[in-house]
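Data from query.cif: mmCIF, C-alpha atoms
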```
data_run
loop_
_atom_site.label_atom_id
_atom_site.label_comp_id
_atom_site.auth_asym_id
_atom_site.auth_seq_id
_atom_site.Cartn_x
_atom_site.Cartn_y
_atom_site.Cartn_z
CA MET V 1 -20.03 26.95 -8.41
CA ARG V 2 -17.31 29.47 -7.76
CA SER V 3 -14.93 30.29 -10.59
CA GLY V 4 -11.92 28.95 -8.68
CA LEU V 5 -13.50 25.51 -8.30
CA ALA V 6 -14.57 25.51 -11.94
CA LEU V 7 -10.98 26.09 -13.06
CA LEU V 8 -9.74 23.30 -10.79
CA LEU V 9 -12.26 20.87 -12.20
CA LEU V 10 -11.29 21.79 -15.75
CA ALA V 11 -7.66 21.11 -14.83
CA ALA V 12 -8.67 17.75 -13.41
CA LEU V 13 -10.39 16.86 -16.67
CA ALA V 14 -7.09 17.28 -18.52
CA LEU V 15 -5.64 14.46 -16.41
CA VAL V 16 -8.36 11.99 -17.22
CA VAL V 17 -7.86 9.97 -20.39
CA GLY V 18 -10.61 10.31 -22.99
CA PRO V 19 -13.33 12.94 -23.47
CA ALA V 20 -16.79 12.88 -21.98
CA LEU V 21 -19.61 12.56 -24.49
CA ALA V 22 -20.89 16.07 -25.10
CA ASP V 23 -24.14 14.90 -26.70
CA GLU V 24 -25.31 12.88 -23.70
CA GLU V 25 -27.11 14.65 -20.88
CA PRO V 26 -26.97 13.01 -17.41
CA ASP V 27 -30.13 12.47 -15.39
CA VAL V 28 -29.77 15.23 -12.77
CA ASP V 29 -31.93 13.27 -10.33
CA ARG V 30 -29.82 10.11 -10.54
CA VAL V 31 -26.15 10.75 -11.27
CA LEU V 32 -23.93 7.67 -11.26
CA VAL V 33 -20.37 7.65 -9.96
CA THR V 34 -18.51 6.18 -12.92
CA CYS V 35 -14.99 5.08 -13.78
CA GLY V 36 -12.88 8.12 -14.61
CA SER V 37 -15.12 10.52 -12.71
CA VAL V 38 -13.34 13.22 -10.67
CA ILE V 39 -15.10 13.55 -7.31
CA LYS V 40 -14.97 14.97 -3.83
CA LEU V 41 -15.88 12.72 -0.90
CA GLU V 42 -17.59 14.36 2.05
CA ALA V 43 -17.61 12.69 5.48
CA ASP V 44 -21.12 12.37 6.92
CA LYS V 45 -19.94 12.92 10.50
CA THR V 46 -17.80 16.04 10.07
CA ARG V 47 -18.86 17.44 6.67
CA HIS V 48 -15.14 17.62 5.88
CA VAL V 49 -13.92 16.45 2.48
CA LEU V 50 -11.25 13.80 1.91
CA HIS V 51 -8.03 15.70 1.29
CA SER V 52 -4.32 15.16 0.73
CA HIS V 53 -1.26 17.37 0.26
CA GLU V 54 2.54 17.32 0.27
CA VAL V 55 2.73 16.84 4.05
CA SER V 56 3.99 13.45 5.23
CA TYR V 57 3.43 11.42 8.37
CA GLY V 58 6.52 11.24 10.57
CA TYR V 59 8.87 8.29 10.29
CA GLY V 60 9.23 6.07 13.33
CA ARG V 61 5.67 5.92 14.61
CA GLY V 62 4.16 6.69 11.19
CA SER V 63 4.89 5.40 7.70
CA GLY V 64 6.46 8.57 6.30
CA GLN V 65 3.94 8.49 3.45
CA GLN V 66 1.82 11.43 2.28
CA SER V 67 -0.89 12.29 4.79
CA VAL V 68 -4.65 12.17 4.20
CA THR V 69 -7.00 14.38 6.21
CA GLY V 70 -10.49 15.81 6.38
CA TYR V 71 -10.67 19.45 5.32
CA PRO V 72 -13.57 21.89 5.87
CA GLU V 73 -13.13 23.94 2.67
CA MET V 74 -14.64 22.48 -0.49
CA ASP V 75 -12.85 24.71 -3.01
CA GLN V 76 -9.47 22.96 -2.87
CA ALA V 77 -7.55 21.10 -5.59
CA GLY V 78 -6.20 18.77 -2.90
CA SER V 79 -9.69 17.32 -2.39
CA LEU V 80 -10.21 15.93 -5.91
CA TRP V 81 -9.98 12.16 -6.54
CA ILE V 82 -10.24 10.12 -9.75
CA VAL V 83 -12.25 6.90 -9.56
CA ARG V 84 -10.32 3.97 -11.07
CA ALA V 85 -11.14 0.25 -11.32
CA GLU V 86 -9.75 -2.79 -13.12
CA ASP V 87 -11.03 -3.29 -16.68
CA CYS V 88 -13.48 -0.44 -16.21
CA ARG V 89 -14.13 1.78 -19.21
CA GLN V 90 -14.55 5.50 -18.57
CA GLY V 91 -18.24 6.19 -17.97
CA THR V 92 -19.03 2.72 -16.60
CA GLY V 93 -21.07 2.88 -13.39
CA ILE V 94 -19.49 1.63 -10.15
CA LYS V 95 -21.49 -1.31 -8.79
CA LYS V 96 -22.30 -2.20 -5.20
CA GLY V 97 -19.42 -4.23 -3.75
CA GLN V 98 -17.01 -3.29 -6.54
CA GLU V 99 -13.30 -2.91 -5.81
CA LEU V 100 -11.73 0.38 -6.88
CA ARG V 101 -8.82 2.76 -6.38
CA LEU V 102 -8.98 6.51 -5.73
CA GLN V 103 -6.18 8.54 -7.30
CA HIS V 104 -5.36 11.96 -5.85
CA VAL V 105 -5.49 14.45 -8.71
CA ALA V 106 -2.91 16.91 -7.40
CA THR V 107 -0.13 14.42 -6.54
CA ARG V 108 -1.15 11.34 -8.61
CA ARG V 109 -0.83 9.09 -5.54
CA TRP V 110 -3.37 6.49 -4.46
CA LEU V 111 -5.57 6.43 -1.37
CA HIS V 112 -3.84 3.76 0.72
CA SER V 113 -3.93 2.07 4.10
CA HIS V 114 -1.77 -0.41 6.02
CA LEU V 115 -0.98 -1.57 9.55
CA PHE V 116 0.65 1.62 10.83
CA ALA V 117 -0.99 3.52 13.69
CA SER V 118 -2.85 6.73 12.83
CA PRO V 119 -1.14 9.74 14.44
CA LEU V 120 -3.92 11.18 16.61
CA SER V 121 -6.17 8.29 17.67
CA ASN V 122 -3.85 5.28 17.29
CA ASN V 123 -6.27 3.63 14.87
CA GLN V 124 -5.15 2.55 11.38
CA GLU V 125 -3.21 5.03 9.24
CA VAL V 126 -4.64 6.16 5.89
CA SER V 127 -2.11 7.67 3.51
CA CYS V 128 -1.39 8.37 -0.15
CA PHE V 129 1.09 6.07 -1.87
CA GLY V 130 2.65 5.37 -5.26
CA ASP V 131 2.11 7.13 -8.58
CA ASP V 132 0.72 6.46 -12.07
CA GLY V 133 3.02 3.47 -12.48
CA THR V 134 3.19 2.21 -8.89
CA SER V 135 0.29 0.70 -6.94
CA ASP V 136 -0.34 -2.32 -4.72
CA THR V 137 -3.22 -4.07 -2.97
CA GLY V 138 -3.03 -1.54 -0.13
CA ASP V 139 -4.64 0.92 -2.56
CA VAL V 140 -7.73 -1.20 -3.16
CA TRP V 141 -11.08 -0.34 -1.51
CA ARG V 142 -14.52 -1.92 -1.80
CA VAL V 143 -17.53 0.38 -1.95
CA GLU V 144 -20.69 -0.72 -0.15
CA TRP V 145 -24.02 0.68 1.04
CA ASP V 146 -27.21 -0.52 2.70
CA SER V 147 -29.88 0.19 0.06
CA SER V 148 -30.82 -2.14 -2.81
CA GLU V 149 -29.57 0.38 -5.41
CA PRO V 150 -27.13 -1.50 -7.69
CA TYR V 151 -24.95 1.52 -8.59
CA TRP V 152 -23.03 4.13 -6.60
CA LEU V 153 -24.93 7.41 -6.87
CA ARG V 154 -23.82 10.98 -6.26
CA ASP V 155 -24.90 12.21 -2.78
CA ALA V 156 -25.77 8.67 -1.62
CA VAL V 157 -24.23 7.47 1.65
CA VAL V 158 -21.58 4.76 1.14
CA ARG V 159 -18.77 3.05 3.04
CA LEU V 160 -15.28 2.33 1.68
CA VAL V 161 -13.73 -0.88 3.03
CA HIS V 162 -9.99 -1.49 2.74
CA LYS V 163 -9.36 -4.77 0.91
CA ASP V 164 -6.20 -5.84 2.75
CA THR V 165 -7.28 -5.07 6.32
CA GLY V 166 -11.10 -4.83 6.34
CA ALA V 167 -10.96 -1.37 7.92
CA PHE V 168 -13.55 1.26 7.03
CA LEU V 169 -12.36 4.64 5.74
CA SER V 170 -13.27 6.96 8.63
CA ASN V 171 -13.16 10.59 9.78
CA HIS V 172 -13.87 12.27 13.10
CA ASN V 173 -13.55 15.69 14.71
CA VAL V 174 -10.08 15.14 16.22
CA LYS V 175 -7.99 17.98 14.75
CA TYR V 176 -4.36 18.41 13.82
CA GLN V 177 -2.28 21.38 14.91
CA ARG V 178 0.73 22.69 13.00
CA PRO V 179 1.55 22.35 10.15
CA ILE V 180 -2.06 21.58 9.13
CA PRO V 181 -4.31 23.27 11.72
CA GLY V 182 -8.04 22.72 11.25
CA HIS V 183 -7.60 19.45 9.37
CA THR V 184 -9.27 16.41 10.96
CA GLU V 185 -7.92 12.89 11.17
CA VAL V 186 -8.81 10.32 8.51
CA PHE V 187 -8.16 6.76 9.65
CA GLY V 188 -9.17 3.13 9.24
CA PHE V 189 -11.53 1.53 11.77
CA LYS V 190 -12.83 -2.05 11.91
CA GLN V 191 -16.39 -1.18 12.96
CA LYS V 192 -19.22 0.55 11.10
CA GLY V 193 -20.65 3.85 12.31
CA GLN V 194 -21.32 7.42 11.22
CA HIS V 195 -17.56 7.99 11.14
CA ALA V 196 -17.40 5.58 8.16
CA LEU V 197 -20.11 7.19 5.98
CA TRP V 198 -19.17 9.23 2.90
CA ARG V 199 -20.93 10.95 0.01
CA ALA V 200 -19.62 11.77 -3.46
CA THR V 201 -20.46 15.45 -3.90
CA GLU V 202 -18.94 18.03 -6.25
CA GLY V 203 -17.04 16.78 -9.25
CA VAL V 204 -17.00 15.85 -12.91
CA TYR V 205 -19.21 12.81 -13.48
CA PHE V 206 -18.70 11.11 -16.83
CA PRO V 207 -22.04 9.88 -18.18
CA GLU V 208 -22.44 6.22 -18.97
CA ARG V 209 -21.58 5.50 -22.58
CA THR V 210 -24.20 3.91 -24.81
CA LYS V 211 -23.35 1.27 -27.39
CA ALA V 212 -23.20 2.48 -30.99
#
```
For the structure just supplied, provide its representation as structure tokens.
Amino acid sequence: MRSGLALLLLAALALVVGPALADEEPDVDRVLVTCGSVIKLEADKTRHVLHSHEVSYGYGRGSGQQSVTGYPEMDQAGSLWIVRAEDCRQGTGIKKGQELRLQHVATRRWLHSHLFASPLSNNQEVSCFGDDGTSDTGDVWRVEWDSSEPYWLRDAVVRLVHKDTGAFLSNHNVKYQRPIPGHTEVFGFKQKGQHALWRATEGVYFPERTKA
């Protein structure tokens, strides 16, 4: 891992409440995505990572909220997300079908969707909304996958379904121009497909805590 990414991940750790257990070694062949983990999500179709930044959608046609895109470069602080869930202790594995929120590390806003049109394809807009003290049901996503595995695993293909609208978090190769050239559109879509497949890749994965 490049030194720049290592520093970014260390900075992300400072934002997560509670230390990881130093005396517990994760199983490198089966790493669980757990509550409090800081992850990157890579789109299966484009190999771009889920990204956000201080660039907003335009008012009028769009919501004016912070934009969410796919980005081809992995070594970016704007592509780190903290996994949050209700009544979920840090280090607890995320189960199949569980509802969760993804908090953007750099801006503290939540991955969000609603019934605004996405700017490039006129599908459903995906944005970042709120802050540490502000969130609503538009920030809630359900994680699902096709295998019988009960827990979300690193590098396993999953889908994220928006609770309020039933749309799948999606990415395709339609690209923005200025002010974010090279970024691809992230949007909500009501049908499954390769556009709706994601993998948790690089990150800080808190190991599951064992009872004393």
Compile the contact shell of Ser121 (chain V) as number ranges by chain: residues with an atom at most 12 Å away, counting only C-alpha atoms, same-chain residues fewer than 3 positions apart removed. V: 116-118, 124-125, 170-176, 184-189
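Here CA of Tyr205 (chain V) and CA of Val33 (chain V) stand 6.4 Å from one another.
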Region 48-53 of chain V surroundings by only C-alpha atoms, 6 Å radius, close-in-sequence under 5 positions cut, as a list in words: Leu41, Glu42, Ala43, Val68, Thr69, Gly70, Tyr71, Pro72, Gly78 and Ser79 of chain V
Expansion of the PyMOL selection byres ((chain V and resi 138) around 6) into residues, as a short mmCIF file (atom, residue, chain, number, x, y, z; two decimals) with C-alpha atoms, keeping the file's coordinate frame:
```cif
data_model
loop_
_atom_site.label_atom_id
_atom_site.label_comp_id
_atom_site.auth_asym_id
_atom_site.auth_seq_id
_atom_site.Cartn_x
_atom_site.Cartn_y
_atom_site.Cartn_z
CA HIS V 112 -3.84 3.76 0.72
CA SER V 113 -3.93 2.07 4.10
CA ASP V 136 -0.34 -2.32 -4.72
CA THR V 137 -3.22 -4.07 -2.97
CA ASP V 139 -4.64 0.92 -2.56
CA VAL V 140 -7.73 -1.20 -3.16
#
```
Test item: the PyMOL selection byres ((chain V and resi 144) around 9) resolved as a count of residues only: 13
Mind telling me what the PyMOL selection byres ((chain V and resi 37) around 8) catches here, as a list in words? Val33, Thr34, Cys35, Gly36, Val38, Ile39, Ile82, Val83, Gln90, Gly91, Gly203, Val204, Tyr205 and Phe206 of chain V
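Put simply, CA of Gln191 (chain V) is 17.9 Å away from CA of Leu120 (chain V).
Using all atoms listed in the file, the nearest neighbour of Ser127 (chain V) within the list V:Glu54, V:Asp75, V:Asp44, V:Asp87 is V:Glu54.
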Length of the CA of Val157 (chain V) to CA of Leu197 (chain V) vector [Å]: 6.0 Å
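The smallest atom-to-atom distance between Ala106 (chain V) and any of V:Pro119, V:Leu169, V:Ala85, V:Cys128, using all atoms listed in the file, is found for V:Cys128.
Shortest separation to Glu86 (chain V) among V:Asp155, V:Glu99, V:Asp164, V:Asp29 occurs at residue V:Glu99, atoms counted being only C-alpha atoms.
Nearest residue to Cys88 (chain V), choosing from V:His183, V:Arg101, V:Lys163, V:Lys40 and counting all atoms listed in the file: V:Arg101.
The shortest atom-to-atom distance to Arg89 (chain V), with all atoms listed in the file taken into account, belongs to V:Glu208 out of V:Glu208, V:Ser135, V:Gln194, V:Gln103.
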Give the answer as one residue: which of V:Pro207, V:Pro179, V:Gly93, V:Pro150 has the shortest atom-to-atom distance to Ser67 (chain V), using only C-alpha atoms? V:Pro179
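Residues in contact with His104 (chain V) at 7 Å, where only C-alpha atoms are counted and same-chain residues fewer than 6 positions away are skipped, are listed as Leu80, Trp81, Ile82 and Trp110 of chain V.
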Extract region 182-207 of chain V from the preceding block and save N, CA, C and O atoms as a CSV table (one decimal), in the first residue's frame.
```csv
chain,number,residue,atom,x,y,z
V,182,GLY,N,-13.6,13.0,-15.8
V,182,GLY,CA,-13.1,11.6,-15.5
V,182,GLY,C,-13.9,10.9,-14.5
V,182,GLY,O,-13.9,9.6,-14.4
V,183,HIS,N,-14.7,11.6,-13.7
V,183,HIS,CA,-15.6,10.9,-12.8
V,183,HIS,C,-16.8,10.3,-13.5
V,183,HIS,O,-17.3,10.9,-14.5
V,184,THR,N,-17.3,9.2,-13.0
V,184,THR,CA,-18.5,8.6,-13.7
V,184,THR,C,-19.7,8.7,-12.8
V,184,THR,O,-19.6,9.0,-11.6
V,185,GLU,N,-20.9,8.6,-13.4
V,185,GLU,CA,-22.1,8.9,-12.7
V,185,GLU,C,-22.5,7.7,-11.7
V,185,GLU,O,-22.4,6.5,-12.1
V,186,VAL,N,-22.8,8.0,-10.5
V,186,VAL,CA,-23.4,7.1,-9.6
V,186,VAL,C,-24.9,7.5,-9.4
V,186,VAL,O,-25.2,8.6,-9.3
V,187,PHE,N,-25.7,6.5,-9.5
V,187,PHE,CA,-27.2,6.7,-9.5
V,187,PHE,C,-27.9,5.6,-8.9
V,187,PHE,O,-27.4,4.5,-8.6
V,188,GLY,N,-29.2,5.8,-8.7
V,188,GLY,CA,-30.1,4.7,-8.3
V,188,GLY,C,-30.9,4.1,-9.4
V,188,GLY,O,-31.3,4.9,-10.3
V,189,PHE,N,-31.1,2.8,-9.5
V,189,PHE,CA,-31.8,2.2,-10.6
V,189,PHE,C,-32.6,1.0,-10.0
V,189,PHE,O,-32.1,0.3,-9.1
V,190,LYS,N,-33.8,0.8,-10.5
V,190,LYS,CA,-34.7,-0.1,-9.9
V,190,LYS,C,-34.5,-1.6,-10.3
V,190,LYS,O,-35.2,-2.5,-9.8
V,191,GLN,N,-33.6,-1.8,-11.2
V,191,GLN,CA,-33.4,-3.2,-11.7
V,191,GLN,C,-32.0,-3.6,-11.4
V,191,GLN,O,-31.0,-2.8,-11.3
V,192,LYS,N,-31.8,-4.9,-11.1
V,192,LYS,CA,-30.5,-5.5,-10.8
V,192,LYS,C,-29.7,-5.6,-12.1
V,192,LYS,O,-30.2,-5.5,-13.2
V,193,GLY,N,-28.4,-5.7,-12.0
V,193,GLY,CA,-27.5,-5.8,-13.1
V,193,GLY,C,-26.1,-5.6,-12.7
V,193,GLY,O,-25.8,-5.3,-11.5
V,194,GLN,N,-25.1,-5.7,-13.6
V,194,GLN,CA,-23.7,-5.5,-13.2
V,194,GLN,C,-23.5,-4.1,-12.7
V,194,GLN,O,-22.6,-3.9,-11.9
V,195,HIS,N,-24.3,-3.1,-13.2
V,195,HIS,CA,-24.1,-1.8,-12.7
V,195,HIS,C,-24.4,-1.6,-11.2
V,195,HIS,O,-24.0,-0.6,-10.6
V,196,ALA,N,-25.0,-2.6,-10.6
V,196,ALA,CA,-25.4,-2.5,-9.2
V,196,ALA,C,-24.6,-3.4,-8.3
V,196,ALA,O,-24.9,-3.6,-7.2
V,197,LEU,N,-23.5,-3.9,-8.8
V,197,LEU,CA,-22.6,-4.8,-8.0
V,197,LEU,C,-21.4,-4.0,-7.5
V,197,LEU,O,-20.7,-3.2,-8.2
V,198,TRP,N,-21.1,-4.2,-6.2
V,198,TRP,CA,-20.0,-3.5,-5.5
V,198,TRP,C,-19.2,-4.5,-4.7
V,198,TRP,O,-19.7,-5.5,-4.3
V,199,ARG,N,-17.9,-4.1,-4.5
V,199,ARG,CA,-17.1,-4.9,-3.6
V,199,ARG,C,-16.4,-4.0,-2.6
V,199,ARG,O,-15.9,-2.9,-3.0
V,200,ALA,N,-16.3,-4.3,-1.3
V,200,ALA,CA,-15.5,-3.7,-0.3
V,200,ALA,C,-14.1,-4.1,-0.5
V,200,ALA,O,-13.8,-5.3,-0.5
V,201,THR,N,-13.2,-3.1,-0.7
V,201,THR,CA,-11.8,-3.4,-1.1
V,201,THR,C,-10.9,-2.9,0.0
V,201,THR,O,-10.9,-3.4,1.1
V,202,GLU,N,-10.1,-1.9,-0.3
V,202,GLU,CA,-9.1,-1.4,0.7
V,202,GLU,C,-9.8,-0.8,1.8
V,202,GLU,O,-11.0,-0.3,1.7
V,203,GLY,N,-9.2,-0.8,3.0
V,203,GLY,CA,-9.8,-0.1,4.1
V,203,GLY,C,-9.2,-0.6,5.4
V,203,GLY,O,-8.2,-1.3,5.5
V,204,VAL,N,-9.8,-0.2,6.5
V,204,VAL,CA,-9.5,-0.6,7.9
V,204,VAL,C,-10.7,-1.5,8.4
V,204,VAL,O,-11.7,-0.9,8.6
V,205,TYR,N,-10.5,-2.7,8.6
V,205,TYR,CA,-11.5,-3.7,8.9
V,205,TYR,C,-11.3,-4.0,10.4
V,205,TYR,O,-10.4,-4.7,10.7
V,206,PHE,N,-12.3,-3.6,11.2
V,206,PHE,CA,-12.2,-3.9,12.7
V,206,PHE,C,-12.5,-5.4,12.9
V,206,PHE,O,-13.6,-5.8,12.5
V,207,PRO,N,-11.7,-6.1,13.5
V,207,PRO,CA,-12.0,-7.5,13.8
V,207,PRO,C,-13.2,-7.7,14.7
V,207,PRO,O,-13.4,-6.8,15.6
```
